[in-house]
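K.L.:
Okay, so here is my_file_22.cif, and as you'll see once you scroll down, it has mmCIF, C-alpha atoms.
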```cif
data_protein
loop_
_atom_site.label_atom_id
_atom_site.label_comp_id
_atom_site.auth_asym_id
_atom_site.auth_seq_id
_atom_site.Cartn_x
_atom_site.Cartn_y
_atom_site.Cartn_z
CA MET A 1 75.84 -36.20 97.28
CA PRO A 2 72.89 -36.31 99.69
CA VAL A 3 72.25 -33.77 102.42
CA PRO A 4 74.25 -34.94 105.48
CA GLU A 5 71.85 -36.81 107.75
CA GLN A 6 72.91 -35.09 110.95
CA ASN A 7 72.12 -31.66 109.52
CA GLU A 8 68.53 -30.63 110.05
CA PHE A 9 66.47 -27.51 109.54
CA PHE A 10 64.84 -25.88 112.58
CA ILE A 11 62.29 -23.08 112.36
CA ASP A 12 61.64 -21.01 115.48
CA PRO A 13 58.97 -18.45 114.51
CA ASN A 14 59.10 -16.99 118.03
CA ARG A 15 62.51 -15.59 117.31
CA CYS A 16 61.65 -14.04 113.97
CA ILE A 17 62.19 -10.27 113.97
CA GLY A 18 60.83 -9.70 110.47
CA CYS A 19 64.09 -8.27 109.10
CA GLN A 20 63.55 -9.81 105.63
CA ALA A 21 67.19 -10.94 105.49
CA CYS A 22 66.09 -14.46 104.57
CA VAL A 23 63.86 -13.13 101.78
CA GLN A 24 66.73 -11.13 100.33
CA ALA A 25 69.22 -13.97 100.70
CA CYS A 26 66.81 -16.38 99.02
CA SER A 27 66.32 -14.12 96.02
CA GLU A 28 70.11 -13.81 95.67
CA CYS A 29 70.35 -17.46 94.70
CA GLU A 30 71.58 -18.06 91.17
CA THR A 31 69.01 -20.75 90.44
CA HIS A 32 66.06 -18.36 90.87
CA LYS A 33 67.66 -14.94 90.96
CA GLY A 34 65.27 -12.14 91.88
CA TYR A 35 62.55 -14.47 93.09
CA SER A 36 62.35 -15.35 96.74
CA MET A 37 61.06 -18.81 97.64
CA ILE A 38 60.57 -17.97 101.30
CA HIS A 39 57.36 -16.59 102.77
CA LEU A 40 57.68 -14.09 105.57
CA ASP A 41 54.16 -14.12 106.98
CA PHE A 42 52.62 -11.52 109.24
CA VAL A 43 50.72 -13.45 111.87
CA ASP A 44 48.14 -10.78 112.71
CA ARG A 45 49.32 -7.55 111.23
CA GLU A 46 46.65 -5.39 112.80
CA HIS A 47 47.55 -6.29 116.33
CA SER A 48 51.10 -7.53 116.30
CA VAL A 49 54.45 -7.07 114.61
CA GLN A 50 55.07 -10.80 114.88
CA THR A 51 56.25 -12.40 111.67
CA ALA A 52 56.86 -16.04 110.87
CA PRO A 53 59.21 -17.34 108.19
CA VAL A 54 57.80 -20.24 106.18
CA VAL A 55 60.16 -22.43 104.23
CA CYS A 56 59.17 -25.76 102.69
CA LEU A 57 58.80 -28.31 105.46
CA HIS A 58 59.56 -31.22 103.11
CA CYS A 59 56.76 -33.59 104.11
CA ASP A 60 57.44 -37.30 104.26
CA SER A 61 54.34 -37.74 102.12
CA PRO A 62 54.27 -34.51 100.13
CA THR A 63 50.73 -33.39 99.31
CA CYS A 64 51.97 -31.10 96.53
CA ALA A 65 53.49 -34.09 94.73
CA GLU A 66 50.41 -36.23 95.43
CA VAL A 67 48.11 -33.78 93.65
CA CYS A 68 50.46 -32.99 90.75
CA PRO A 69 48.79 -34.25 87.57
CA ALA A 70 51.97 -33.77 85.53
CA ASP A 71 54.31 -35.80 87.77
CA ALA A 72 56.50 -32.70 88.10
CA ILE A 73 57.28 -32.61 91.83
CA LYS A 74 59.84 -35.13 92.99
CA LYS A 75 61.41 -36.01 96.29
CA THR A 76 65.06 -36.97 96.49
CA ALA A 77 66.22 -40.01 98.41
CA ASP A 78 67.34 -37.78 101.31
CA GLY A 79 63.79 -36.45 101.71
CA VAL A 80 64.06 -33.04 100.06
CA VAL A 81 60.99 -32.16 97.97
CA GLN A 82 62.27 -30.43 94.88
CA SER A 83 60.85 -27.52 92.94
CA ALA A 84 58.69 -28.47 89.95
CA ARG A 85 60.54 -30.00 86.99
CA LYS A 86 60.38 -27.28 84.38
CA PRO A 87 59.65 -29.52 81.35
CA ARG A 88 56.79 -31.19 83.19
CA CYS A 89 55.06 -28.40 85.13
CA ILE A 90 51.84 -27.28 83.47
CA ALA A 91 51.20 -24.37 85.87
CA CYS A 92 47.87 -25.83 87.00
CA ASN A 93 48.16 -24.44 90.55
CA ASN A 94 47.07 -27.73 92.17
CA CYS A 95 50.11 -27.82 94.45
CA VAL A 96 49.66 -24.18 95.44
CA LEU A 97 46.12 -24.94 96.60
CA ALA A 98 46.92 -28.30 98.16
CA CYS A 99 49.97 -27.50 100.30
CA PRO A 100 48.77 -27.16 103.92
CA PHE A 101 51.65 -24.79 104.67
CA GLY A 102 51.12 -22.62 101.59
CA VAL A 103 54.66 -23.08 100.35
CA PRO A 104 54.57 -23.50 96.53
CA LYS A 105 54.52 -20.28 94.55
CA MET A 106 53.15 -20.05 91.03
CA ASN A 107 55.14 -17.90 88.70
CA THR A 108 52.72 -17.04 85.94
CA ASP A 109 55.44 -15.31 83.89
CA PHE A 110 57.33 -18.59 83.54
CA LYS A 111 54.22 -20.79 83.77
CA LEU A 112 56.14 -22.66 86.42
CA MET A 113 55.67 -23.51 90.08
CA MET A 114 58.72 -22.66 92.12
CA LYS A 115 59.20 -23.61 95.73
CA CYS A 116 61.82 -23.82 98.43
CA ASP A 117 64.08 -26.83 97.88
CA MET A 118 66.15 -26.22 101.01
CA CYS A 119 68.87 -24.83 98.72
CA TYR A 120 69.62 -28.32 97.48
CA ASP A 121 72.62 -27.05 95.54
CA ARG A 122 74.14 -25.86 98.83
CA THR A 123 72.88 -28.38 101.39
CA SER A 124 73.88 -31.37 99.28
CA GLU A 125 77.41 -29.96 99.33
CA GLY A 126 77.34 -29.69 103.12
CA LEU A 127 76.61 -25.95 103.23
CA LYS A 128 73.72 -24.24 105.01
CA PRO A 129 70.69 -22.95 103.10
CA MET A 130 70.86 -19.24 102.22
CA CYS A 131 68.13 -18.19 104.67
CA ALA A 132 69.65 -20.05 107.63
CA THR A 133 73.05 -18.55 106.81
CA VAL A 134 71.84 -14.97 107.11
CA CYS A 135 69.16 -15.20 109.81
CA PRO A 136 70.44 -12.92 112.62
CA SER A 137 68.21 -14.40 115.33
CA GLN A 138 68.41 -18.09 114.35
CA ALA A 139 64.69 -18.21 113.70
CA LEU A 140 65.89 -20.28 110.77
CA PHE A 141 68.60 -22.64 111.90
CA PHE A 142 70.38 -25.38 110.02
CA GLY A 143 72.58 -27.69 112.01
CA THR A 144 72.65 -30.70 114.26
CA ARG A 145 70.21 -31.55 117.04
CA GLU A 146 72.99 -31.14 119.59
CA GLN A 147 73.61 -27.59 118.44
CA ILE A 148 69.94 -26.58 118.63
CA GLU A 149 69.61 -28.18 122.08
CA LEU A 150 72.59 -26.13 123.21
CA ILE A 151 71.29 -22.77 121.96
CA ARG A 152 67.56 -23.41 122.69
CA PRO A 153 67.50 -25.33 125.96
CA ARG A 154 63.87 -24.42 126.64
CA SER A 155 62.54 -25.55 123.27
CA THR A 156 62.05 -28.88 121.66
CA PRO A 157 61.81 -29.66 117.95
CA THR A 158 58.70 -31.26 116.51
CA ASN A 159 57.97 -32.42 113.00
CA GLU A 160 54.39 -33.57 113.38
CA PHE A 161 51.48 -31.45 112.18
CA ARG A 162 47.81 -32.29 112.28
CA PHE A 163 45.44 -31.04 109.61
CA GLY A 164 41.90 -32.31 110.13
CA GLY A 165 42.12 -36.08 110.17
CA GLN A 166 45.56 -36.12 108.58
CA THR A 167 48.81 -36.09 110.45
CA ILE A 168 51.80 -34.90 108.49
CA THR A 169 55.38 -35.59 109.41
CA THR A 170 58.07 -33.43 107.89
CA LYS A 171 61.81 -33.31 107.43
CA VAL A 172 62.02 -29.74 108.73
CA ASN A 173 61.45 -29.20 112.45
CA MET A 174 59.47 -26.51 114.20
CA MET A 175 60.71 -25.38 117.62
CA LEU A 176 58.12 -25.56 120.42
CA PRO A 177 58.48 -24.71 124.09
CA LYS A 178 59.26 -27.78 126.17
CA THR A 179 56.65 -26.89 128.74
CA GLY A 180 53.87 -26.34 126.21
CA LYS A 181 51.42 -28.95 125.12
CA ALA A 182 50.44 -29.63 121.53
CA GLU A 183 47.45 -27.52 120.60
CA TYR A 184 44.89 -28.57 118.07
CA LEU A 185 43.14 -25.73 116.31
CA ASP A 186 40.17 -26.45 114.09
CA VAL A 187 41.01 -23.93 111.43
CA THR A 188 37.95 -24.59 109.29
CA GLN A 189 35.65 -24.04 112.25
CA ALA A 190 37.41 -20.83 113.22
CA MET A 191 37.34 -19.50 109.67
CA GLY A 192 34.08 -17.64 110.17
CA GLN A 193 35.41 -15.80 113.18
CA GLY A 194 37.53 -12.74 112.91
CA ALA A 195 41.07 -12.79 114.18
CA SER A 196 40.72 -9.75 116.40
CA GLY A 197 40.12 -10.22 120.10
CA LYS A 198 41.32 -13.80 120.05
CA THR A 199 44.59 -14.51 121.66
CA ILE A 200 46.04 -17.87 120.93
CA SER A 201 48.98 -18.03 123.23
CA LEU A 202 51.30 -20.62 124.54
CA ASN A 203 51.22 -20.86 128.30
CA ILE A 204 54.65 -19.31 128.80
CA MET A 205 53.22 -16.10 127.41
CA ASP A 206 50.02 -16.18 129.48
CA SER A 207 51.33 -13.92 132.21
CA MET A 208 52.07 -11.20 129.69
CA TYR A 209 48.56 -11.28 128.32
CA ASP A 210 47.00 -11.35 131.78
CA GLU A 211 48.68 -8.09 132.65
CA GLY A 212 47.82 -6.41 129.38
CA PRO A 213 44.66 -4.37 128.90
CA GLU A 214 41.61 -6.38 127.85
CA GLN A 215 40.27 -5.47 124.43
CA MET B 216 68.67 -49.43 105.67
CA LYS B 217 66.38 -48.86 102.73
CA GLY B 218 67.67 -49.67 99.29
CA GLU B 219 68.02 -47.20 96.47
CA ARG B 220 64.94 -48.56 94.69
CA ASP B 221 62.61 -48.79 97.68
CA GLN B 222 59.89 -46.19 97.76
CA LEU B 223 60.29 -43.83 100.66
CA THR B 224 57.13 -41.81 100.24
CA ILE B 225 54.12 -43.37 101.91
CA ALA B 226 50.77 -42.98 100.16
CA PRO B 227 48.18 -40.83 101.97
CA ASP B 228 46.12 -43.89 102.93
CA GLY B 229 49.18 -45.43 104.55
CA ALA B 230 48.74 -48.76 102.75
CA PRO B 231 51.85 -50.63 101.54
CA LEU B 232 53.03 -50.26 97.96
CA GLU B 233 51.69 -53.67 96.92
CA ASP B 234 48.11 -52.58 97.72
CA GLN B 235 48.41 -49.31 95.81
CA PRO B 236 46.98 -48.81 92.31
CA LYS B 237 49.33 -49.42 89.41
CA TRP B 238 49.68 -45.71 88.55
CA ARG B 239 51.36 -45.05 91.86
CA GLN B 240 54.17 -47.40 90.89
CA ASP B 241 54.30 -45.93 87.39
CA PHE B 242 54.52 -42.35 88.64
CA PRO B 243 56.53 -42.50 91.84
CA ILE B 244 57.17 -39.34 93.83
CA ASP B 245 60.66 -40.39 94.85
CA TRP B 246 63.35 -39.25 92.49
CA PRO B 247 65.42 -42.49 92.46
CA GLN B 248 62.37 -44.55 91.42
CA ASP B 249 61.38 -41.96 88.84
CA HIS B 250 64.81 -42.22 87.24
CA TYR B 251 65.01 -45.98 87.47
CA VAL B 252 64.20 -47.92 84.30
CA SER B 253 63.94 -51.65 84.81
CA ARG B 254 65.49 -54.03 82.29
CA ARG B 255 62.02 -55.36 81.50
CA ASP B 256 60.64 -51.88 80.74
CA PHE B 257 63.62 -51.07 78.55
CA THR B 258 63.24 -54.34 76.60
CA LYS B 259 59.51 -53.72 76.25
CA PHE B 260 60.18 -50.26 74.85
CA MET B 261 62.78 -51.54 72.39
CA VAL B 262 60.60 -54.41 71.18
CA LEU B 263 57.50 -52.25 70.72
CA THR B 264 59.43 -49.48 68.97
CA SER B 265 61.09 -51.85 66.52
CA LEU B 266 57.72 -53.54 65.98
CA ALA B 267 56.22 -50.17 65.10
CA PHE B 268 59.02 -49.51 62.59
CA THR B 269 58.55 -52.96 61.02
CA VAL B 270 54.79 -52.45 60.70
CA GLY B 271 55.53 -49.06 59.12
CA GLN B 272 57.75 -50.68 56.49
CA PHE B 273 55.02 -53.18 55.62
CA TRP B 274 52.53 -50.33 55.46
CA ILE B 275 54.65 -48.60 52.83
CA VAL B 276 54.90 -51.84 50.82
CA VAL B 277 51.12 -52.31 50.95
CA GLN B 278 50.54 -48.70 49.90
CA ASN B 279 52.87 -49.12 46.92
CA TYR B 280 51.10 -52.30 45.90
CA LEU B 281 47.67 -50.65 46.12
CA ARG B 282 48.87 -47.66 44.15
CA ALA B 283 50.21 -49.95 41.43
CA ARG B 284 46.93 -51.86 41.34
CA ARG B 285 44.90 -48.71 40.91
CA GLY B 286 46.81 -48.35 37.69
CA GLN B 287 46.84 -45.40 35.39
CA LEU B 288 44.51 -42.51 35.80
CA PRO B 289 41.66 -42.43 33.30
CA LEU B 290 41.88 -40.59 30.04
CA LEU B 291 39.60 -37.57 30.15
CA LYS B 292 38.61 -35.25 27.38
CA ILE B 293 39.01 -31.67 28.56
CA ALA B 294 38.00 -29.57 25.61
CA ASP B 295 38.18 -29.24 21.88
CA VAL B 296 41.17 -27.28 20.64
CA HIS B 297 39.04 -24.52 19.16
CA GLN B 298 37.25 -23.97 22.52
CA VAL B 299 40.37 -22.42 24.07
CA SER B 300 41.93 -19.41 22.39
CA VAL B 301 45.67 -18.73 22.61
CA GLY B 302 46.68 -17.10 25.91
CA ASN B 303 43.47 -18.11 27.66
CA ALA B 304 42.73 -20.55 30.41
CA PHE B 305 40.06 -23.21 30.72
CA ALA B 306 38.92 -24.71 34.02
CA PHE B 307 38.26 -28.42 34.36
CA ALA B 308 38.35 -31.12 37.06
CA TYR B 309 40.76 -34.07 36.99
CA PRO B 310 41.02 -36.86 38.10
CA GLU B 311 38.19 -36.47 40.64
CA PRO B 312 35.24 -34.05 40.21
CA HIS B 313 36.58 -31.86 43.04
CA ASP B 314 40.18 -31.61 41.82
CA SER B 315 39.91 -28.40 39.85
CA CYS B 316 42.63 -27.75 37.29
CA LEU B 317 43.48 -25.13 34.70
CA LEU B 318 44.27 -25.71 31.04
CA LEU B 319 46.30 -23.00 29.31
CA ARG B 320 46.85 -22.56 25.61
CA THR B 321 50.29 -20.98 25.42
CA GLY B 322 50.65 -21.22 21.65
CA GLU B 323 48.90 -22.41 18.54
CA GLU B 324 49.86 -26.01 19.24
CA SER B 325 51.07 -25.91 22.86
CA PHE B 326 48.91 -26.66 25.83
CA ILE B 327 49.81 -26.88 29.48
CA ALA B 328 47.71 -27.76 32.54
CA PHE B 329 48.20 -27.46 36.29
CA SER B 330 46.23 -28.25 39.37
CA GLN B 331 44.52 -25.16 40.71
CA LYS B 332 45.33 -25.99 44.32
CA CYS B 333 47.98 -23.75 45.81
CA THR B 334 50.72 -25.91 47.39
CA HIS B 335 50.76 -23.69 50.46
CA LEU B 336 47.24 -24.03 51.90
CA SER B 337 45.17 -25.29 48.97
CA CYS B 338 43.50 -22.03 47.95
CA ALA B 339 42.51 -21.84 44.29
CA VAL B 340 45.11 -20.04 42.20
CA VAL B 341 44.05 -17.49 39.60
CA PRO B 342 45.80 -17.40 36.18
CA GLN B 343 47.19 -14.00 35.25
CA PRO B 344 48.62 -14.55 31.72
CA ASP B 345 49.48 -10.87 31.30
CA LYS B 346 51.81 -11.08 34.31
CA GLY B 347 52.99 -14.57 33.43
CA ARG B 348 51.94 -16.12 36.70
CA PHE B 349 49.35 -18.02 38.69
CA TYR B 350 48.37 -15.83 41.59
CA CYS B 351 47.15 -17.10 44.96
CA PRO B 352 45.10 -14.35 46.64
CA CYS B 353 45.12 -15.97 50.10
CA HIS B 354 48.75 -15.27 51.01
CA VAL B 355 49.96 -13.46 47.91
CA GLY B 356 51.75 -16.46 46.48
CA SER B 357 52.59 -16.81 42.83
CA PHE B 358 53.66 -19.58 40.46
CA ASP B 359 55.30 -19.43 37.06
CA LEU B 360 52.72 -19.68 34.29
CA THR B 361 54.76 -22.01 32.09
CA THR B 362 56.41 -24.33 34.65
CA GLY B 363 54.19 -24.06 37.73
CA ALA B 364 57.24 -23.39 39.90
CA PRO B 365 56.73 -21.12 42.92
CA THR B 366 58.13 -17.66 42.33
CA ALA B 367 56.92 -15.62 45.30
CA GLY B 368 55.07 -15.88 48.59
CA PRO B 369 54.78 -18.79 51.01
CA PRO B 370 54.45 -21.78 48.61
CA ARG B 371 57.62 -23.85 48.30
CA ARG B 372 56.51 -26.66 45.97
CA PRO B 373 55.39 -26.33 42.34
CA LEU B 374 51.81 -26.92 41.27
CA PRO B 375 51.10 -30.52 40.22
CA ARG B 376 51.22 -30.77 36.44
CA ILE B 377 48.49 -32.53 34.45
CA THR B 378 49.99 -34.46 31.57
CA LEU B 379 48.15 -33.76 28.34
CA GLU B 380 47.66 -35.31 24.96
CA VAL B 381 46.22 -33.63 21.88
CA ARG B 382 44.32 -36.12 19.75
CA SER B 383 42.24 -35.34 16.69
CA GLY B 384 41.35 -31.79 17.61
CA ALA B 385 40.69 -32.39 21.30
CA VAL B 386 42.81 -32.09 24.47
CA TYR B 387 42.90 -35.06 26.83
CA ALA B 388 44.26 -35.32 30.37
CA THR B 389 46.30 -38.48 30.88
CA GLY B 390 47.75 -38.20 34.39
CA VAL B 391 48.89 -36.08 37.31
CA GLU B 392 52.56 -35.40 37.88
CA LEU B 393 53.25 -34.56 41.54
CA ARG B 394 56.53 -32.73 41.86
CA MET B 395 58.56 -31.75 44.88
CA VAL B 396 60.88 -29.28 43.17
#
```
Could you spell out this file's structure in structure tokens?
P.N.:
Amino acid sequence: MPVPEQNEFFIDPNRCIGCQACVQACSECETHKGYSMIHLDFVDREHSVQTAPVVCLHCDSPTCAEVCPADAIKKTADGVVQSARKPRCIACNNCVLACPFGVPKMNTDFKLMMKCDMCYDRTSEGLKPMCATVCPSQALFFGTREQIELIRPRSTPTNEFRFGGQTITTKVNMMLPKTGKAEYLDVTQAMGQGASGKTISLNIMDSMYDEGPEQ
Amino acid sequence: MKGERDQLTIAPDGAPLEDQPKWRQDFPIDWPQDHYVSRRDFTKFMVLTSLAFTVGQFWIVVQNYLRARRGQLPLLKIADVHQVSVGNAFAFAYPEPHDSCLLLRTGEESFIAFSQKCTHLSCAVVPQPDKGRFYCPCHVGSFDLTTGAPTAGPPRRPLPRITLEVRSGAVYATGVELRMV
């Protein structure tokens, strides 16, 4: 049974409180017990407590699968990119390096890449993924577009990401403020610069930063 | 609505499937295409597999024919009877110069010969008549001195026996008897 089409995944990193509930819930899953497939990233740990949950965004043209030399990463007809097929995966790490979102995890103990598959065992049965079930602030939300519009009237979902010359569209949506405009950051150019002293903010937050002390 | 067998994933260059290299069709990213086996592919697999089996059968026939044509192994004089004393061993090579074998005189009139190659990993076995065995020092294997059957260690097959013939005071090798048990 495919994942119901009206059900979509929405990530709202703004609302993440870093409680690790999603990490714990993910590692509770029977298919990969003890190993969490979710990344709870600290955005800039030195200066902020802000965290951002990263689940697989399930690209329409998955780079991890494109670079897999062993033909181990497959996408189902409903657009969910699955974890590596165990008999095929050769633990070469290509997908780990290639994924622009840094999603695949290499488990060297099993010599197997494991990644978020949107809890396919649950979502294909009409249930929510583990992380979205437990998230107390709905930073991870699984439901219909009508529902997300109702609870986040000031945000709009987007599923388009630009990396260099490549534009990636995904199955999972990221929530952005309606008033904001799409920013393009040249990550490679900014790599040489340190993170400190740079505030990359969306314009709804500008007033807060203006009032704060200058570093 | 896209069909079950249509590719959903678009290649990074955005070109349609027809313009993509053949490997992209052979190794699709989409699960339904990966699982799908066309009737033509299945038939191709069946035909090629049965062809391989048929060729294999002919190969066996040809090998049998060639073996028959090679005929009997040559008769080779190993040693004169008086050269080997009772209970001693004599090394020789048969049928090729590198196939070392051992001739044993077990009694006044009884001779027996085995290949020296251990049936485990082809080390040279050492005769130990006092212990009644051929001993392989590589992995501590041993074979019975009178039958060549494995008695201890990793070897599972007996040593090949060299058939002998005693003619007018000399011992001749007449053939090699490969045995499985």
K.L.:
Which residues are near region 74-91 of chain A? Cut-off 8 Å, all atoms listed in the file, ignore same chain within fewer than 2 positions. Put them as a PyMOL selection string.
P.N.:
(chain A and resi 2-3+5+58-60+62+65+70-72+93+106+108+111-118+120+171) or (chain B and resi 219+223+244-247)
K.L.:
Would you translate the PyMOL selection byres ((chain B) within 10 of (chain A)) into the concrete set of residues it matches in this file, as a PyMOL selection string?
P.N.:
chain B and resi 217-229+239+242-249
K.L.:
Between CA of Arg45 (chain A) and CA of Gln189 (chain A), measure the distance and give it in Å to one decimal.
P.N.:
21.4 Å
K.L.:
Distance cut-off 10 Å, centre (51.9, -18.7, 45.0) in file coordinates, counting only C-alpha atoms: which residues qualify? Return them as a VMD selection string.
P.N.:
chain B and resid 332 to 336 338 to 341 348 to 359 363 to 374
K.L.:
Which is closer to Phe142 (chain A) than all the others in A:Gly18, A:Pro177, A:Pro4, A:Pro104, using only C-alpha atoms?
P.N.:
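Using only C-alpha atoms, Phe142 (chain A) sits closest to A:Pro4.
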K.L.:
When the PyMOL selection byres ((chain B and resi 297-300) around 12) is applied to the file above, which residues end up in the set, as an MDAnalysis selection string?
P.N.:
chainID B and resid 293:296 301:306 317:327 381 383:386
K.L.:
Mind writing the picked residues with C-alpha atoms as a compact mmCIF listing (two decimals), in the coordinates of the input?
P.N.:
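part.txt was written with the following content:
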```txt
# COMPACT_ATOMS: atom_id res chain seq x y z
CA ILE B 293 39.01 -31.67 28.56
CA ALA B 294 38.00 -29.57 25.61
CA ASP B 295 38.18 -29.24 21.88
CA VAL B 296 41.17 -27.28 20.64
CA VAL B 301 45.67 -18.73 22.61
CA GLY B 302 46.68 -17.10 25.91
CA ASN B 303 43.47 -18.11 27.66
CA ALA B 304 42.73 -20.55 30.41
CA PHE B 305 40.06 -23.21 30.72
CA ALA B 306 38.92 -24.71 34.02
CA LEU B 317 43.48 -25.13 34.70
CA LEU B 318 44.27 -25.71 31.04
CA LEU B 319 46.30 -23.00 29.31
CA ARG B 320 46.85 -22.56 25.61
CA THR B 321 50.29 -20.98 25.42
CA GLY B 322 50.65 -21.22 21.65
CA GLU B 323 48.90 -22.41 18.54
CA GLU B 324 49.86 -26.01 19.24
CA SER B 325 51.07 -25.91 22.86
CA PHE B 326 48.91 -26.66 25.83
CA ILE B 327 49.81 -26.88 29.48
CA VAL B 381 46.22 -33.63 21.88
CA SER B 383 42.24 -35.34 16.69
CA GLY B 384 41.35 -31.79 17.61
CA ALA B 385 40.69 -32.39 21.30
CA VAL B 386 42.81 -32.09 24.47
```
K.L.:
What does the distance from CA of Met174 (chain A) to CA of Pro157 (chain A) come to in Å, to one decimal?
P.N.:
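According to the coordinates, CA of Met174 (chain A) and CA of Pro157 (chain A) are separated by 5.4 Å.
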K.L.:
Can you tell me which residues surround region 276-289 of chain B at a distance of at most 8 Å, considering all atoms listed in the file, apart from same-chain residues fewer than 5 positions away, and format the answer as a PyMOL selection string?
P.N.:
chain B and resi 310+389-391
K.L.:
For the PyMOL selection byres ((chain A and resi 185) around 10), applied here, can you spell out every residue it catches as a list in words?
P.N.:
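That expression, the PyMOL selection byres ((chain A and resi 185) around 10), corresponds here to Arg162, Phe163, Gly164, Ala182, Glu183, Tyr184, Asp186, Val187, Thr188, Gln189, Ala190 and Ile200 of chain A.
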K.L.:
Determine, counting all atoms listed in the file, every residue of protein, DNA or RNA that lies within 10 Å of (57.7, -26.9, 129.3) in the file coordinates, then give the result as a PyMOL selection string.
P.N.:
chain A and resi 154-156+176-181+203-204
K.L.:
Supply region 254-271 of chain B as an mmCIF file, in the coordinates of the input, with N, CA and C atoms built in where the input has gaps.
P.N.:
```cif
data_model
loop_
_atom_site.group_PDB
_atom_site.id
_atom_site.type_symbol
_atom_site.label_atom_id
_atom_site.label_comp_id
_atom_site.auth_asym_id
_atom_site.auth_seq_id
_atom_site.Cartn_x
_atom_site.Cartn_y
_atom_site.Cartn_z
ATOM 1 N N ARG B 254 65.050 -53.362 83.512
ATOM 2 C CA ARG B 254 65.490 -54.030 82.290
ATOM 3 C C ARG B 254 64.280 -54.468 81.470
ATOM 4 N N ARG B 255 63.229 -54.901 82.185
ATOM 5 C CA ARG B 255 62.020 -55.360 81.500
ATOM 6 C C ARG B 255 61.347 -54.212 80.739
ATOM 7 N N ASP B 256 61.270 -53.031 81.388
ATOM 8 C CA ASP B 256 60.640 -51.880 80.740
ATOM 9 C C ASP B 256 61.436 -51.455 79.511
ATOM 10 N N PHE B 257 62.757 -51.477 79.660
ATOM 11 C CA PHE B 257 63.620 -51.070 78.550
ATOM 12 C C PHE B 257 63.436 -52.023 77.361
ATOM 13 N N THR B 258 63.411 -53.342 77.663
ATOM 14 C CA THR B 258 63.240 -54.340 76.600
ATOM 15 C C THR B 258 61.881 -54.162 75.932
ATOM 16 N N LYS B 259 60.863 -53.920 76.780
ATOM 17 C CA LYS B 259 59.510 -53.720 76.250
ATOM 18 C C LYS B 259 59.491 -52.535 75.287
ATOM 19 N N PHE B 260 60.132 -51.463 75.692
ATOM 20 C CA PHE B 260 60.180 -50.260 74.850
ATOM 21 C C PHE B 260 60.874 -50.555 73.530
ATOM 22 N N MET B 261 62.013 -51.241 73.603
ATOM 23 C CA MET B 261 62.780 -51.540 72.390
ATOM 24 C C MET B 261 61.972 -52.421 71.447
ATOM 25 N N VAL B 262 61.347 -53.470 72.009
ATOM 26 C CA VAL B 262 60.600 -54.410 71.180
ATOM 27 C C VAL B 262 59.425 -53.701 70.502
ATOM 28 N N LEU B 263 58.681 -52.921 71.289
ATOM 29 C CA LEU B 263 57.500 -52.250 70.720
ATOM 30 C C LEU B 263 57.897 -51.202 69.681
ATOM 31 N N THR B 264 58.999 -50.491 69.937
ATOM 32 C CA THR B 264 59.430 -49.480 68.970
ATOM 33 C C THR B 264 59.862 -50.138 67.671
ATOM 34 N N SER B 265 60.658 -51.216 67.763
ATOM 35 C CA SER B 265 61.090 -51.850 66.520
ATOM 36 C C SER B 265 59.907 -52.497 65.813
ATOM 37 N N LEU B 266 58.939 -52.986 66.593
ATOM 38 C CA LEU B 266 57.720 -53.540 65.980
ATOM 39 C C LEU B 266 56.992 -52.457 65.187
ATOM 40 N N ALA B 267 56.907 -51.265 65.786
ATOM 41 C CA ALA B 267 56.220 -50.170 65.100
ATOM 42 C C ALA B 267 56.927 -49.820 63.796
ATOM 43 N N PHE B 268 58.266 -49.812 63.814
ATOM 44 C CA PHE B 268 59.020 -49.510 62.590
ATOM 45 C C PHE B 268 58.778 -50.593 61.526
ATOM 46 N N THR B 269 58.765 -51.857 61.963
ATOM 47 C CA THR B 269 58.550 -52.960 61.020
ATOM 48 C C THR B 269 57.173 -52.842 60.378
ATOM 49 N N VAL B 270 56.156 -52.599 61.221
ATOM 50 C CA VAL B 270 54.790 -52.450 60.700
ATOM 51 C C VAL B 270 54.749 -51.288 59.699
ATOM 52 N N GLY B 271 55.484 -50.209 60.020
ATOM 53 C CA GLY B 271 55.530 -49.060 59.120
ATOM 54 C C GLY B 271 56.096 -49.422 57.764
#
```
